[in-house]
$ cat structure_36.cif   # mmCIF, C-alpha atoms
data_start
loop_
_atom_site.label_atom_id
_atom_site.label_comp_id
_atom_site.auth_asym_id
_atom_site.auth_seq_id
_atom_site.Cartn_x
_atom_site.Cartn_y
_atom_site.Cartn_z
CA MET A 1 105.65 75.16 101.36
CA LEU A 2 108.50 76.43 99.26
CA HIS A 3 111.75 74.53 99.81
CA ARG A 4 114.84 76.62 99.40
CA SER A 5 118.33 75.23 98.86
CA ALA A 6 119.57 76.45 102.24
CA GLU A 7 123.13 75.24 101.68
CA ARG A 8 123.59 77.54 98.67
CA GLU A 9 122.20 80.59 100.46
CA LYS A 10 124.36 83.27 102.00
CA PRO A 11 123.69 84.56 105.56
CA VAL A 12 122.26 87.79 104.11
CA ASP A 13 119.72 85.73 102.09
CA ARG A 14 118.60 83.82 105.17
CA VAL A 15 118.25 86.94 107.33
CA PHE A 16 116.31 88.90 104.68
CA HIS A 17 114.08 85.85 104.11
CA ALA A 18 113.52 85.49 107.87
CA LEU A 19 112.62 89.16 108.31
CA ALA A 20 110.31 89.31 105.27
CA ASP A 21 107.44 87.82 107.27
CA PRO A 22 105.61 90.34 109.52
CA ASN A 23 104.87 87.66 112.17
CA ARG A 24 108.52 86.69 112.35
CA ARG A 25 109.37 90.37 112.84
CA VAL A 26 106.85 90.48 115.72
CA ILE A 27 108.78 87.57 117.29
CA VAL A 28 112.12 89.39 116.82
CA GLU A 29 110.58 92.61 118.24
CA ARG A 30 109.42 90.72 121.34
CA LEU A 31 112.79 88.97 121.79
CA SER A 32 114.76 92.20 121.46
CA ARG A 33 113.11 93.18 124.79
CA GLY A 34 114.31 89.95 126.45
CA PRO A 35 114.11 86.13 126.29
CA ALA A 36 110.68 84.48 126.05
CA THR A 37 109.21 80.99 126.01
CA VAL A 38 107.56 79.63 122.87
CA THR A 39 104.14 79.97 124.57
CA GLU A 40 104.81 83.63 125.43
CA LEU A 41 105.83 84.28 121.82
CA ALA A 42 102.75 82.51 120.48
CA ASN A 43 100.20 84.31 122.71
CA PRO A 44 99.90 87.59 120.75
CA LEU A 45 100.15 85.89 117.33
CA PRO A 46 96.99 84.96 115.37
CA MET A 47 98.14 81.41 114.54
CA SER A 48 98.58 77.90 115.90
CA LEU A 49 101.49 76.96 118.15
CA SER A 50 102.89 74.71 115.40
CA ALA A 51 102.88 77.64 112.95
CA VAL A 52 104.84 79.67 115.52
CA VAL A 53 107.31 76.78 115.86
CA GLN A 54 107.75 76.80 112.05
CA HIS A 55 108.49 80.54 112.12
CA LEU A 56 110.95 80.03 114.97
CA ARG A 57 112.70 77.38 112.90
CA VAL A 58 113.22 79.88 110.04
CA LEU A 59 114.51 82.45 112.55
CA GLN A 60 116.91 79.89 114.03
CA VAL A 61 118.24 78.85 110.61
CA SER A 62 118.92 82.55 109.90
CA GLY A 63 120.88 82.83 113.15
CA LEU A 64 118.58 85.58 114.49
CA VAL A 65 117.18 83.40 117.28
CA ARG A 66 118.58 80.63 119.40
CA SER A 67 116.65 78.52 121.87
CA GLU A 68 117.27 76.23 124.79
CA LYS A 69 114.97 73.60 126.26
CA VAL A 70 114.94 73.08 130.00
CA GLY A 71 112.49 70.39 131.08
CA ARG A 72 109.37 71.02 128.97
CA VAL A 73 109.97 74.73 128.47
CA ARG A 74 111.82 76.10 125.44
CA THR A 75 113.21 79.61 125.93
CA CYS A 76 114.19 81.74 122.93
CA ARG A 77 116.75 84.53 122.76
CA ILE A 78 117.69 86.98 120.05
CA GLU A 79 121.18 87.04 118.52
CA PRO A 80 121.49 90.72 117.49
CA ALA A 81 124.82 90.12 115.69
CA ALA A 82 122.85 88.18 113.06
CA LEU A 83 121.31 91.48 111.89
CA ARG A 84 124.73 92.64 110.70
CA PRO A 85 124.67 91.17 107.15
CA VAL A 86 121.45 93.12 106.48
CA GLU A 87 122.86 96.31 108.03
CA ARG A 88 126.02 95.91 105.93
CA TRP A 89 124.00 95.33 102.75
CA ILE A 90 121.92 98.48 103.31
CA GLY A 91 125.05 100.47 104.26
CA ALA A 92 126.81 99.34 101.06
CA ARG A 93 123.84 100.47 98.93
CA ARG A 94 123.77 103.82 100.69
CA SER A 95 127.52 104.45 100.22
CA SER A 96 127.41 103.28 96.61
CA TRP A 97 124.57 105.74 96.03
CA GLU A 98 126.33 108.58 97.88
CA ARG A 99 129.59 107.99 95.96
CA ARG A 100 127.55 108.29 92.78
CA LEU A 101 125.98 111.59 93.92
CA ASP A 102 129.46 112.86 94.91
CA SER A 103 130.99 112.17 91.51
CA LEU A 104 127.92 113.68 89.84
CA GLY A 105 128.39 116.77 92.04
CA GLU A 106 132.10 116.97 91.17
CA TYR A 107 131.30 116.61 87.48
CA LEU A 108 128.73 119.42 87.67
CA ALA A 109 131.13 121.64 89.67
CA GLU A 110 133.90 121.04 87.10
CA SER A 111 131.52 121.85 84.25
CA ASN A 112 130.66 125.13 86.03
CA ASP A 113 134.35 126.01 86.54
CA GLU A 114 135.14 125.69 82.83
CA PRO A 115 136.05 129.09 81.44
CA LYS A 116 133.08 129.67 79.16
CA GLY A 117 134.73 132.68 77.50
CA SER A 118 137.52 130.54 76.05
CA LYS A 119 135.13 128.95 73.60
CA ARG A 120 133.99 132.24 72.17
CA MET B 1 101.70 83.26 92.96
CA LEU B 2 100.88 84.35 96.49
CA HIS B 3 98.56 87.34 96.61
CA ARG B 4 99.17 89.64 99.52
CA SER B 5 96.68 92.19 100.79
CA ALA B 6 98.86 95.11 99.74
CA GLU B 7 96.47 97.74 101.09
CA ARG B 8 96.82 96.42 104.65
CA GLU B 9 100.62 96.27 104.48
CA LYS B 10 102.87 98.91 106.00
CA PRO B 11 105.83 100.37 104.04
CA VAL B 12 108.26 98.32 106.15
CA ASP B 13 106.40 95.11 105.12
CA ARG B 14 106.63 95.99 101.43
CA VAL B 15 110.34 96.88 101.60
CA PHE B 16 111.30 93.74 103.57
CA HIS B 17 109.21 91.65 101.15
CA ALA B 18 110.88 93.33 98.15
CA LEU B 19 114.40 92.77 99.53
CA ALA B 20 113.79 89.14 100.55
CA ASP B 21 114.43 87.96 96.98
CA PRO B 22 118.14 87.71 96.04
CA ASN B 23 117.45 88.65 92.40
CA ARG B 24 115.58 91.77 93.46
CA ARG B 25 118.56 92.68 95.64
CA VAL B 26 120.83 92.25 92.57
CA ILE B 27 118.59 94.79 90.78
CA VAL B 28 118.81 97.23 93.72
CA GLU B 29 122.62 96.72 93.88
CA ARG B 30 122.89 97.57 90.18
CA LEU B 31 120.62 100.63 90.48
CA SER B 32 122.50 102.01 93.49
CA ARG B 33 125.40 102.53 91.03
CA GLY B 34 123.17 104.52 88.66
CA PRO B 35 120.02 104.32 86.48
CA ALA B 36 119.63 101.40 84.07
CA THR B 37 117.21 100.22 81.41
CA VAL B 38 115.12 97.10 81.94
CA THR B 39 117.28 95.27 79.37
CA GLU B 40 120.48 96.24 81.20
CA LEU B 41 118.97 95.00 84.46
CA ALA B 42 117.84 91.74 82.89
CA ASN B 43 121.18 90.90 81.22
CA PRO B 44 123.04 89.46 84.26
CA LEU B 45 119.94 87.75 85.69
CA PRO B 46 119.22 84.05 84.97
CA MET B 47 115.57 84.60 84.04
CA SER B 48 113.19 85.77 81.34
CA LEU B 49 112.56 89.46 80.68
CA SER B 50 108.98 89.08 81.89
CA ALA B 51 110.22 87.63 85.21
CA VAL B 52 112.48 90.67 85.58
CA VAL B 53 109.50 92.94 84.87
CA GLN B 54 107.57 91.13 87.64
CA HIS B 55 110.44 91.71 90.08
CA LEU B 56 110.60 95.37 89.05
CA ARG B 57 106.88 95.68 89.76
CA VAL B 58 107.41 94.43 93.35
CA LEU B 59 110.32 96.86 93.76
CA GLN B 60 108.18 99.72 92.45
CA VAL B 61 105.27 98.88 94.79
CA SER B 62 107.76 98.97 97.69
CA GLY B 63 108.91 102.44 96.60
CA LEU B 64 112.53 101.26 96.18
CA VAL B 65 112.52 101.74 92.41
CA ARG B 66 110.81 104.15 90.08
CA SER B 67 110.85 104.01 86.30
CA GLU B 68 110.18 106.23 83.36
CA LYS B 69 109.43 105.21 79.78
CA VAL B 70 110.80 107.35 76.95
CA GLY B 71 109.89 105.98 73.52
CA ARG B 72 110.37 102.22 73.81
CA VAL B 73 112.98 102.37 76.55
CA ARG B 74 112.08 102.14 80.24
CA THR B 75 114.77 103.50 82.57
CA CYS B 76 114.80 102.55 86.26
CA ARG B 77 116.20 104.49 89.19
CA ILE B 78 116.61 103.68 92.84
CA GLU B 79 114.83 105.68 95.56
CA PRO B 80 117.28 105.29 98.49
CA ALA B 81 114.89 106.99 100.95
CA ALA B 82 112.65 103.91 100.67
CA LEU B 83 115.28 101.91 102.60
CA ARG B 84 114.59 104.02 105.70
CA PRO B 85 111.71 101.97 107.20
CA VAL B 86 113.99 98.91 107.21
CA GLU B 87 116.91 100.89 108.68
CA ARG B 88 114.59 102.30 111.35
CA TRP B 89 113.23 98.84 112.19
CA ILE B 90 116.74 97.39 112.62
CA GLY B 91 117.85 100.46 114.62
CA ALA B 92 114.84 100.10 116.95
CA ARG B 93 115.68 96.42 117.60
CA ARG B 94 119.28 97.32 118.31
CA SER B 95 118.40 100.11 120.77
CA SER B 96 115.76 97.97 122.46
CA TRP B 97 118.39 95.27 122.89
CA GLU B 98 121.07 97.71 124.11
CA ARG B 99 118.65 99.29 126.63
CA ARG B 100 118.01 95.79 127.95
CA LEU B 101 121.77 95.10 128.29
CA ASP B 102 122.20 98.48 130.04
CA SER B 103 119.54 97.77 132.66
CA LEU B 104 120.96 94.27 133.12
CA GLY B 105 124.41 95.85 133.62
CA GLU B 106 123.00 98.36 136.13
CA TYR B 107 121.22 95.58 138.01
CA LEU B 108 124.42 93.51 138.20
CA ALA B 109 126.46 96.57 139.30
CA GLU B 110 123.89 97.32 142.03
CA SER B 111 123.95 93.70 143.20
CA ASN B 112 127.75 93.95 143.44
CA ASP B 113 127.56 97.20 145.42
CA GLU B 114 125.31 95.69 148.08
CA PRO B 115 127.16 95.47 151.39
CA LYS B 116 127.47 91.72 151.66
CA GLY B 117 128.56 91.92 155.31
CA SER B 118 125.19 93.35 156.39
CA LYS B 119 123.50 90.03 155.76
CA ARG B 120 125.85 88.12 158.02
#
$ encode --input "structure_36.cif" --output "structure tokens"
Amino acid sequence: MLHRSAEREKPVDRVFHALADPNRRVIVERLSRGPATVTELANPLPMSLSAVVQHLRVLQVSGLVRSEKVGRVRTCRIEPAALRPVERWIGARRSSWERRLDSLGEYLAESNDEPKGSKR
Amino acid sequence: MLHRSAEREKPVDRVFHALADPNRRVIVERLSRGPATVTELANPLPMSLSAVVQHLRVLQVSGLVRSEKVGRVRTCRIEPAALRPVERWIGARRSSWERRLDSLGEYLAESNDEPKGSKR
């Protein structure tokens, strides 16, 4: 297993890392419909319970999931606010790209407006 | 290096995988401001040129980046539409979560409306 220097990572790193695994996204998909126990989360997944617990640990470190143990049952919940760093990152890329297209558009419009006759 | 069965992966898997690496996100950040050569992309990154080329390959497989070689210079561009599967995935989680909060709210409102006196 790859050990990452968690203390140097930013929230956006942890959330992207957490969501990069398809099985962890299945867990988040299930939890976005409501809380679930670890056993309920593990049932549809093709892996051991301890592998599911490992995935849950990554999700908890990212802030996407929190859990609470009552008696012998651990119940997990999603923390949708933790998705925000990823949403912000994508939004920033989109606006950076759109600004670029806008200035390209303005440049092309200005080039078109130039009185061509004046050069003749 | 971990080999993934690329042919079984969905676009959303490839894009999340591509964006999980902070250095690959630096490349996407740079390209969202405009096209760049491989050398320009490699300059700010603390790694060898061949490591950058590997990262670019992952980004190209995900559809986030495309490149074109003219003479000895390869120029890379971003393909912002490739971010959509990730945006859709996050949007679906958010609406699933909000629907859940809505029905919880309705349930609580209905419980409040119940004529308490009738049970006495």
$ interface_residues --input "structure_36.cif" --of "chain B" --to "chain A" --cutoff "12 Å" --atoms "only C-alpha atoms" --output "PDB file with C-alpha atoms, keeping the file's coordinate frame"
ATOM      1  CA  MET B   1     101.700  83.260  92.960  1.00  0.00           C
ATOM      2  CA  LEU B   2     100.880  84.350  96.490  1.00  0.00           C
ATOM      3  CA  ARG B   4      99.170  89.640  99.520  1.00  0.00           C
ATOM      4  CA  ARG B   8      96.820  96.420 104.650  1.00  0.00           C
ATOM      5  CA  GLU B   9     100.620  96.270 104.480  1.00  0.00           C
ATOM      6  CA  LYS B  10     102.870  98.910 106.000  1.00  0.00           C
ATOM      7  CA  PRO B  11     105.830 100.370 104.040  1.00  0.00           C
ATOM      8  CA  VAL B  12     108.260  98.320 106.150  1.00  0.00           C
ATOM      9  CA  ASP B  13     106.400  95.110 105.120  1.00  0.00           C
ATOM     10  CA  ARG B  14     106.630  95.990 101.430  1.00  0.00           C
ATOM     11  CA  VAL B  15     110.340  96.880 101.600  1.00  0.00           C
ATOM     12  CA  PHE B  16     111.300  93.740 103.570  1.00  0.00           C
ATOM     13  CA  HIS B  17     109.210  91.650 101.150  1.00  0.00           C
ATOM     14  CA  ALA B  18     110.880  93.330  98.150  1.00  0.00           C
ATOM     15  CA  LEU B  19     114.400  92.770  99.530  1.00  0.00           C
ATOM     16  CA  ALA B  20     113.790  89.140 100.550  1.00  0.00           C
ATOM     17  CA  ASP B  21     114.430  87.960  96.980  1.00  0.00           C
ATOM     18  CA  PRO B  22     118.140  87.710  96.040  1.00  0.00           C
ATOM     19  CA  ASN B  23     117.450  88.650  92.400  1.00  0.00           C
ATOM     20  CA  ARG B  24     115.580  91.770  93.460  1.00  0.00           C
ATOM     21  CA  ARG B  25     118.560  92.680  95.640  1.00  0.00           C
ATOM     22  CA  VAL B  26     120.830  92.250  92.570  1.00  0.00           C
ATOM     23  CA  ILE B  27     118.590  94.790  90.780  1.00  0.00           C
ATOM     24  CA  VAL B  28     118.810  97.230  93.720  1.00  0.00           C
ATOM     25  CA  GLU B  29     122.620  96.720  93.880  1.00  0.00           C
ATOM     26  CA  ARG B  30     122.890  97.570  90.180  1.00  0.00           C
ATOM     27  CA  LEU B  31     120.620 100.630  90.480  1.00  0.00           C
ATOM     28  CA  SER B  32     122.500 102.010  93.490  1.00  0.00           C
ATOM     29  CA  ARG B  33     125.400 102.530  91.030  1.00  0.00           C
ATOM     30  CA  GLY B  34     123.170 104.520  88.660  1.00  0.00           C
ATOM     31  CA  PRO B  35     120.020 104.320  86.480  1.00  0.00           C
ATOM     32  CA  LEU B  64     112.530 101.260  96.180  1.00  0.00           C
ATOM     33  CA  ARG B  77     116.200 104.490  89.190  1.00  0.00           C
ATOM     34  CA  ILE B  78     116.610 103.680  92.840  1.00  0.00           C
ATOM     35  CA  GLU B  79     114.830 105.680  95.560  1.00  0.00           C
ATOM     36  CA  PRO B  80     117.280 105.290  98.490  1.00  0.00           C
ATOM     37  CA  ALA B  81     114.890 106.990 100.950  1.00  0.00           C
ATOM     38  CA  ALA B  82     112.650 103.910 100.670  1.00  0.00           C
ATOM     39  CA  LEU B  83     115.280 101.910 102.600  1.00  0.00           C
ATOM     40  CA  ARG B  84     114.590 104.020 105.700  1.00  0.00           C
ATOM     41  CA  PRO B  85     111.710 101.970 107.200  1.00  0.00           C
ATOM     42  CA  VAL B  86     113.990  98.910 107.210  1.00  0.00           C
ATOM     43  CA  GLU B  87     116.910 100.890 108.680  1.00  0.00           C
ATOM     44  CA  ARG B  88     114.590 102.300 111.350  1.00  0.00           C
ATOM     45  CA  TRP B  89     113.230  98.840 112.190  1.00  0.00           C
ATOM     46  CA  ILE B  90     116.740  97.390 112.620  1.00  0.00           C
ATOM     47  CA  GLY B  91     117.850 100.460 114.620  1.00  0.00           C
ATOM     48  CA  ALA B  92     114.840 100.100 116.950  1.00  0.00           C
ATOM     49  CA  ARG B  93     115.680  96.420 117.600  1.00  0.00           C
ATOM     50  CA  ARG B  94     119.280  97.320 118.310  1.00  0.00           C
ATOM     51  CA  SER B  95     118.400 100.110 120.770  1.00  0.00           C
ATOM     52  CA  SER B  96     115.760  97.970 122.460  1.00  0.00           C
ATOM     53  CA  TRP B  97     118.390  95.270 122.890  1.00  0.00           C
ATOM     54  CA  GLU B  98     121.070  97.710 124.110  1.00  0.00           C
ATOM     55  CA  ARG B  99     118.650  99.290 126.630  1.00  0.00           C
ATOM     56  CA  ARG B 100     118.010  95.790 127.950  1.00  0.00           C
ATOM     57  CA  LEU B 101     121.770  95.100 128.290  1.00  0.00           C
ATOM     58  CA  ASP B 102     122.200  98.480 130.040  1.00  0.00           C
ATOM     59  CA  SER B 103     119.540  97.770 132.660  1.00  0.00           C
ATOM     60  CA  LEU B 104     120.960  94.270 133.120  1.00  0.00           C
TER      61      LEU B 104
END
$ atom_distance --input "structure_36.cif" --atom1 "CA of Val70 (chain A)" --atom2 "CA of Arg57 (chain A)"
17.8 Å
$ residues_around --input "structure_36.cif" --residues "Cys76 (chain A)" --least-positions-apart "6" --cutoff "8 Å" --atoms "all atoms listed in the file" --output "PDB file with C-alpha atoms, in the coordinates of the input"
ATOM      1  CA  LEU A  31     112.790  88.970 121.790  1.00  0.00           C
ATOM      2  CA  PRO A  35     114.110  86.130 126.290  1.00  0.00           C
ATOM      3  CA  ALA A  36     110.680  84.480 126.050  1.00  0.00           C
ATOM      4  CA  THR A  37     109.210  80.990 126.010  1.00  0.00           C
ATOM      5  CA  VAL A  38     107.560  79.630 122.870  1.00  0.00           C
ATOM      6  CA  VAL A  65     117.180  83.400 117.280  1.00  0.00           C
ATOM      7  CA  ARG A  66     118.580  80.630 119.400  1.00  0.00           C
ATOM      8  CA  SER A  67     116.650  78.520 121.870  1.00  0.00           C
ATOM      9  CA  GLU A  68     117.270  76.230 124.790  1.00  0.00           C
TER      10      GLU A  68
END
$ atom_distance --input "structure_36.cif" --atom1 "CA of Thr75 (chain A)" --atom2 "CA of Ala109 (chain B)"
25.3 Å
$ atom_distance --input "structure_36.cif" --atom1 "CA of Gln54 (chain B)" --atom2 "CA of Thr39 (chain B)"
13.4 Å
$ decode --input "structure_36.cif" --residues "region 89-118 of chain B" --atoms "N, CA, C and O atoms" --output "compact mmCIF listing (two decimals), in the first residue's frame"
# COMPACT_ATOMS: atom_id res chain seq x y z
N TRP B 89 -21.46 13.43 -12.05
CA TRP B 89 -21.43 12.52 -10.91
C TRP B 89 -21.65 13.31 -9.61
O TRP B 89 -22.47 12.93 -8.78
N ILE B 90 -20.93 14.42 -9.46
CA ILE B 90 -21.07 15.23 -8.25
C ILE B 90 -22.48 15.81 -8.17
O ILE B 90 -23.12 15.78 -7.10
N GLY B 91 -23.00 16.30 -9.31
CA GLY B 91 -24.36 16.85 -9.33
C GLY B 91 -25.40 15.82 -8.92
O GLY B 91 -26.34 16.13 -8.18
N ALA B 92 -25.22 14.57 -9.39
CA ALA B 92 -26.17 13.50 -9.06
C ALA B 92 -26.14 13.21 -7.56
O ALA B 92 -27.17 12.98 -6.93
N ARG B 93 -24.95 13.22 -6.95
CA ARG B 93 -24.85 12.98 -5.50
C ARG B 93 -25.55 14.10 -4.75
O ARG B 93 -26.28 13.86 -3.81
N ARG B 94 -25.32 15.33 -5.22
CA ARG B 94 -25.93 16.47 -4.54
C ARG B 94 -27.45 16.40 -4.62
O ARG B 94 -28.15 16.59 -3.62
N SER B 95 -27.99 16.08 -5.82
CA SER B 95 -29.47 16.08 -5.93
C SER B 95 -30.05 14.89 -5.16
O SER B 95 -31.11 15.02 -4.55
N SER B 96 -29.35 13.76 -5.17
CA SER B 96 -29.82 12.61 -4.40
C SER B 96 -29.90 12.99 -2.92
O SER B 96 -30.87 12.68 -2.23
N TRP B 97 -28.88 13.69 -2.46
CA TRP B 97 -28.81 14.12 -1.07
C TRP B 97 -29.89 15.15 -0.75
O TRP B 97 -30.55 15.08 0.28
N GLU B 98 -30.11 16.09 -1.68
CA GLU B 98 -31.11 17.14 -1.44
C GLU B 98 -32.52 16.58 -1.46
O GLU B 98 -33.37 16.98 -0.66
N ARG B 99 -32.77 15.60 -2.38
CA ARG B 99 -34.08 14.92 -2.40
C ARG B 99 -34.34 14.28 -1.05
O ARG B 99 -35.43 14.34 -0.50
N ARG B 100 -33.29 13.64 -0.50
CA ARG B 100 -33.42 12.96 0.78
C ARG B 100 -33.76 13.96 1.89
O ARG B 100 -34.63 13.72 2.71
N LEU B 101 -33.08 15.13 1.89
CA LEU B 101 -33.36 16.16 2.89
C LEU B 101 -34.78 16.67 2.73
O LEU B 101 -35.48 16.92 3.71
N ASP B 102 -35.23 16.82 1.44
CA ASP B 102 -36.59 17.31 1.19
C ASP B 102 -37.62 16.35 1.78
O ASP B 102 -38.53 16.78 2.47
N SER B 103 -37.45 15.04 1.51
CA SER B 103 -38.48 14.11 2.01
C SER B 103 -38.42 14.01 3.53
O SER B 103 -39.44 13.84 4.19
N LEU B 104 -37.23 14.19 4.09
CA LEU B 104 -37.09 14.21 5.55
C LEU B 104 -37.83 15.43 6.10
O LEU B 104 -38.57 15.33 7.08
N GLY B 105 -37.65 16.60 5.41
CA GLY B 105 -38.33 17.83 5.81
C GLY B 105 -39.84 17.67 5.75
O GLY B 105 -40.56 18.05 6.70
N GLU B 106 -40.32 17.06 4.64
CA GLU B 106 -41.77 16.84 4.48
C GLU B 106 -42.30 15.94 5.59
O GLU B 106 -43.35 16.20 6.16
N TYR B 107 -41.54 14.88 5.88
CA TYR B 107 -41.95 13.94 6.92
C TYR B 107 -42.07 14.64 8.27
O TYR B 107 -43.05 14.49 8.99
N LEU B 108 -41.06 15.50 8.57
CA LEU B 108 -41.07 16.21 9.85
C LEU B 108 -42.22 17.21 9.90
O LEU B 108 -42.89 17.36 10.92
N ALA B 109 -42.48 17.90 8.75
CA ALA B 109 -43.58 18.87 8.69
C ALA B 109 -44.91 18.15 8.92
O ALA B 109 -45.76 18.61 9.69
N GLU B 110 -45.07 16.98 8.27
CA GLU B 110 -46.31 16.21 8.43
C GLU B 110 -46.49 15.75 9.88
O GLU B 110 -47.58 15.81 10.41
N SER B 111 -45.39 15.33 10.50
CA SER B 111 -45.46 14.88 11.90
C SER B 111 -45.90 16.03 12.80
O SER B 111 -46.65 15.85 13.75
N ASN B 112 -45.44 17.26 12.44
CA ASN B 112 -45.80 18.44 13.23
C ASN B 112 -47.27 18.79 13.06
O ASN B 112 -47.89 19.29 13.99
N ASP B 113 -47.78 18.56 11.82
CA ASP B 113 -49.16 18.92 11.51
C ASP B 113 -50.17 18.00 12.18
O ASP B 113 -51.32 18.36 12.34
N GLU B 114 -49.74 16.81 12.56
CA GLU B 114 -50.67 15.84 13.13
C GLU B 114 -51.37 16.40 14.36
O GLU B 114 -50.72 16.93 15.27
N PRO B 115 -52.68 16.32 14.41
CA PRO B 115 -53.40 16.85 15.57
C PRO B 115 -53.07 16.03 16.82
O PRO B 115 -53.49 14.89 16.96
N LYS B 116 -52.21 16.63 17.65
CA LYS B 116 -51.71 15.89 18.81
C LYS B 116 -52.84 15.53 19.79
O LYS B 116 -52.82 14.52 20.44
N GLY B 117 -53.87 16.46 19.84
CA GLY B 117 -54.95 16.27 20.79
C GLY B 117 -55.74 14.97 20.54
O GLY B 117 -56.24 14.35 21.47
N SER B 118 -55.78 14.55 19.25
CA SER B 118 -56.61 13.39 18.90
C SER B 118 -56.16 12.11 19.60
O SER B 118 -56.91 11.16 19.69
